[in-house]
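Dumped run.txt below, it's compact mmCIF, C-alpha atoms:
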# COMPACT_ATOMS: atom_id res chain seq x y z
CA MET A 16 -22.12 -38.63 -29.17
CA LEU A 17 -19.06 -36.92 -30.62
CA ASP A 18 -20.99 -33.63 -30.73
CA LEU A 19 -21.70 -33.88 -27.00
CA LEU A 20 -18.03 -34.55 -26.26
CA ILE A 21 -16.97 -31.51 -28.31
CA VAL A 22 -19.52 -29.27 -26.55
CA ALA A 23 -18.43 -30.57 -23.13
CA THR A 24 -14.78 -29.87 -23.98
CA ILE A 25 -15.54 -26.32 -25.14
CA VAL A 26 -17.65 -25.65 -22.04
CA SER A 27 -14.88 -26.92 -19.74
CA ILE A 28 -12.31 -24.71 -21.51
CA VAL A 29 -14.55 -21.64 -21.15
CA ILE A 30 -15.20 -22.39 -17.46
CA SER A 31 -11.49 -22.94 -16.79
CA TYR A 32 -10.59 -19.64 -18.47
CA SER A 33 -13.35 -17.80 -16.58
CA LEU A 34 -12.15 -19.13 -13.23
CA THR A 35 -8.57 -18.13 -14.01
CA GLU A 36 -9.66 -14.61 -14.91
CA PHE A 37 -11.81 -14.37 -11.78
CA VAL A 38 -8.90 -15.35 -9.52
CA HIS A 39 -6.63 -12.87 -11.31
CA ALA A 40 -9.20 -10.09 -10.86
CA GLN A 41 -9.37 -10.89 -7.15
CA THR A 42 -5.59 -10.56 -6.73
CA VAL A 43 -5.59 -7.25 -8.60
CA ALA A 44 -8.43 -5.97 -6.40
CA LEU A 45 -6.63 -7.13 -3.24
CA ARG A 46 -3.43 -5.32 -4.21
CA HIS A 47 -5.41 -2.20 -5.04
CA ARG A 48 -7.20 -2.33 -1.65
CA VAL A 49 -3.91 -2.70 0.26
CA THR A 50 -2.40 0.17 -1.76
CA GLN A 51 -5.38 2.42 -1.02
CA GLU A 52 -5.28 1.54 2.70
CA LEU A 53 -1.54 2.30 2.99
CA SER A 54 -2.02 5.50 0.98
CA SER A 55 -4.86 6.50 3.31
CA TYR A 56 -2.69 5.92 6.39
CA LEU A 57 0.08 8.03 4.85
CA LYS A 58 -2.41 10.86 4.21
CA GLN A 59 -3.71 10.58 7.79
CA ALA A 60 -0.17 10.73 9.19
CA ARG A 61 0.68 13.79 7.10
CA SER A 62 -2.57 15.55 8.08
CA ASP A 63 -2.07 14.69 11.75
CA SER A 64 1.41 16.23 11.91
CA VAL A 65 0.22 19.35 10.09
CA ARG A 66 -2.88 19.66 12.31
CA ARG A 67 -0.86 19.36 15.52
CA HIS A 68 2.10 21.45 14.23
CA ALA A 69 4.46 18.66 15.33
CA THR A 70 8.01 19.99 15.65
CA ASP A 71 9.45 17.36 18.03
CA PRO A 72 10.39 14.19 16.09
CA ARG A 73 8.91 12.06 18.88
CA GLN A 74 5.53 13.70 18.28
CA MET A 75 5.59 13.59 14.48
CA ALA A 76 3.15 11.17 12.92
CA ARG A 77 4.75 8.35 11.00
CA VAL A 78 4.22 5.22 8.97
CA THR A 79 7.02 2.69 9.39
CA ILE A 80 7.58 -0.21 7.00
CA LEU A 81 8.61 -2.99 9.40
CA SER A 82 9.04 -5.83 6.92
CA ASP A 83 7.89 -6.99 3.50
CA HIS A 84 4.56 -7.96 5.04
CA SER A 85 3.88 -5.42 7.79
CA TYR A 86 3.91 -1.76 8.69
CA SER A 87 2.92 0.39 11.67
CA VAL A 88 1.04 3.66 11.85
CA ALA A 89 1.64 6.14 14.70
CA ILE A 90 -0.81 9.05 14.72
CA ASP A 91 -2.90 11.00 17.22
CA ALA A 92 -6.12 9.11 16.48
CA ASN A 93 -8.00 10.23 19.60
CA GLY A 94 -7.18 13.93 19.17
CA ASP A 95 -5.54 14.49 22.57
CA GLY A 96 -2.41 16.03 21.03
CA VAL A 97 -0.15 13.03 21.75
CA ILE A 98 0.88 10.24 19.37
CA ASP A 99 -1.00 7.04 20.25
CA ALA A 100 0.52 3.57 20.41
CA PRO A 101 1.33 2.44 16.86
CA VAL A 102 -1.22 0.34 15.01
CA LEU A 103 0.35 -2.73 13.40
CA VAL A 104 -0.92 -3.77 9.96
CA ASN A 105 0.05 -7.31 8.95
CA LEU A 106 -0.24 -8.23 5.27
CA ALA A 107 1.13 -11.80 5.43
CA GLU A 108 -2.26 -13.48 4.97
CA GLN A 109 -3.07 -11.28 1.99
CA ARG A 110 0.02 -12.42 0.03
CA VAL A 111 1.06 -8.85 -0.71
CA VAL A 112 4.66 -7.65 -0.49
CA LEU A 113 5.80 -4.14 0.39
CA GLY A 114 8.78 -3.19 -1.75
CA ASP A 115 12.01 -1.90 -0.32
CA SER A 116 12.11 1.87 -0.33
CA ALA A 117 14.27 4.41 1.38
CA PRO A 118 13.39 5.66 3.93
CA ARG A 119 11.66 2.80 5.67
CA ALA A 120 10.05 5.24 8.12
CA PHE A 121 7.89 7.99 6.67
CA ILE A 122 7.95 10.74 9.31
CA PHE A 123 5.95 13.92 8.64
CA ASP A 124 6.86 17.32 10.07
CA TRP A 125 4.50 20.21 10.82
CA LEU A 126 4.61 21.29 7.17
CA GLY A 127 3.66 17.82 5.94
CA ARG A 128 7.12 17.13 4.55
CA ILE A 129 8.84 13.76 4.90
CA VAL A 130 11.83 14.04 7.23
CA ASP A 131 14.34 11.70 8.84
CA ALA A 132 14.97 11.39 12.59
CA GLN A 133 17.25 14.47 12.50
CA GLN A 134 14.50 16.46 10.72
CA ASN A 135 16.34 16.61 7.40
CA VAL A 136 13.80 16.86 4.56
CA ILE A 137 13.67 13.85 2.26
CA PRO A 138 12.69 15.12 -1.20
CA SER A 139 11.55 11.89 -2.80
CA ALA A 140 10.10 8.78 -1.20
CA ARG A 141 8.05 5.93 -2.57
CA VAL A 142 6.87 2.47 -1.65
CA THR A 143 5.63 -0.38 -3.82
CA VAL A 144 2.91 -2.93 -3.15
CA SER A 145 3.23 -6.14 -5.17
CA ASN A 146 1.62 -9.51 -5.63
CA ASN A 147 1.52 -12.01 -8.47
CA SER A 148 -0.85 -9.77 -10.45
CA GLY A 149 1.51 -6.78 -10.62
CA THR A 150 2.91 -3.81 -8.73
CA SER A 151 1.41 -0.58 -7.46
CA LEU A 152 3.61 2.43 -6.70
CA ILE A 153 2.80 4.99 -4.02
CA ASN A 154 4.77 8.21 -4.42
CA VAL A 155 4.73 9.31 -0.78
CA SER A 156 6.20 12.72 -1.58
CA ASP A 157 3.11 13.52 -3.69
CA ILE A 158 0.58 11.70 -1.51
CA THR A 159 -1.69 14.71 -1.28
CA LEU A 160 -1.72 15.18 -5.04
CA SER A 161 -2.44 11.61 -6.04
CA SER A 162 -3.01 8.72 -3.70
CA ALA A 163 -1.46 5.98 -5.81
CA THR A 164 -0.22 5.30 -9.30
CA GLN A 165 -1.09 1.87 -10.59
CA ASN A 166 1.63 0.07 -12.50
CA PHE A 167 0.10 -3.18 -13.70
CA ALA A 168 2.65 -5.72 -14.78
CA VAL A 169 2.00 -8.99 -16.53
CA SER A 170 2.97 -11.82 -14.21
CA SER A 171 5.26 -14.48 -15.59
CA SER A 172 2.58 -17.14 -15.21
CA ARG A 173 0.19 -15.18 -17.49
CA LYS A 174 2.56 -14.64 -20.45
Render the structure in this file as structure tokens.
Amino acid sequence: MLDLLIVATIVSIVISYSLTEFVHAQTVALRHRVTQELSSYLKQARSDSVRRHATDPRQMARVTILSDHSYSVAIDANGDGVIDAPVLVNLAEQRVVLGDSAPRAFIFDWLGRIVDAQQNVIPSARVTVSNNSGTSLINVSDITLSSATQNFAVSSSRK
């Protein structure tokens, strides 16, 4: 009888550990998916401004970080040469946080550079995507070279 109790205890510990690891893997995968999606939108915005040779700031494609849990994407998705209504991406249900970065609006000129509203070039821009499994960094200035750099941090609950 004692042997059965010991086996049951070991099995429950293994199952508990497996479930914890499974949930952790899901949160890492979710953060990676959100990072890849944002990175893809940034690439699309850059390509759109270059393709259309956008010189007027109102016609430059952009990705705007609206809050910690949402951003908008304004590009010429239908190919008519005019920026379409922005698409809003809400991340609140996914429990992912967009880190504070300057600038909050990533506007791309006709050369694919990040500029501000007065068309001054911004040399370095980045945004982070975080959840309880860690943080991913997107270096927007180098978005065409590498889509995202993963920076996995150990969460305080897993130490």
Around (-1.1, 2.7, 16.4), as given in the file, which residues come within 7 Å? Count only C-alpha atoms and list them as a PyMOL selection string. chain A and resi 87-90+99-103
Per-residue nearest contacts segment 16-103 of chain A to segment 126-145 of chain A, cut-off 8 Å, using all atoms listed in the file, as a tab-separated table:
residue	atom	partner	partner_atom	distance
A:Arg46	CA	A:Ser145	CA	6.8
A:Val49	CA	A:Val144	CA	7.6
A:Thr50	CA	A:Val144	CA	6.3
A:Arg61	CA	A:Gly127	CA	5.1
A:Ser62	CA	A:Gly127	CA	7.0
A:Ser64	CA	A:Gly127	CA	6.6
A:Val65	CA	A:Gly127	CA	5.6
A:His68	CA	A:Leu126	CA	7.5
A:Pro72	CA	A:Ala132	CA	6.4
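With distances taken over all atoms listed in the file, A:Ile122 is the one residue among A:Ile153, A:Ile122, A:Val26, A:Leu17 lying closest to Ala60 of chain A.
Between atom CA of Phe123 of chain A and atom CA of Gln51 of chain A the interatomic distance comes to 18.8 Å.
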One decimal, Å: what's the distance from atom CA of Thr150 of chain A over to atom CA of Val78 of chain A, could you say?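 Separation between atom CA of Thr150 of chain A and atom CA of Val78 of chain A: 19.9 Å.
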Å distance separating atom CA of Val43 of chain A from atom CA of Gly149 of chain A, one decimal place: 7.4 Å
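With only C-alpha atoms as the atoms that count, the residue of A:Ala107, A:Gly114, A:Ile158, A:Gln59 with the shortest distance to Ala92 of chain A is A:Gln59.
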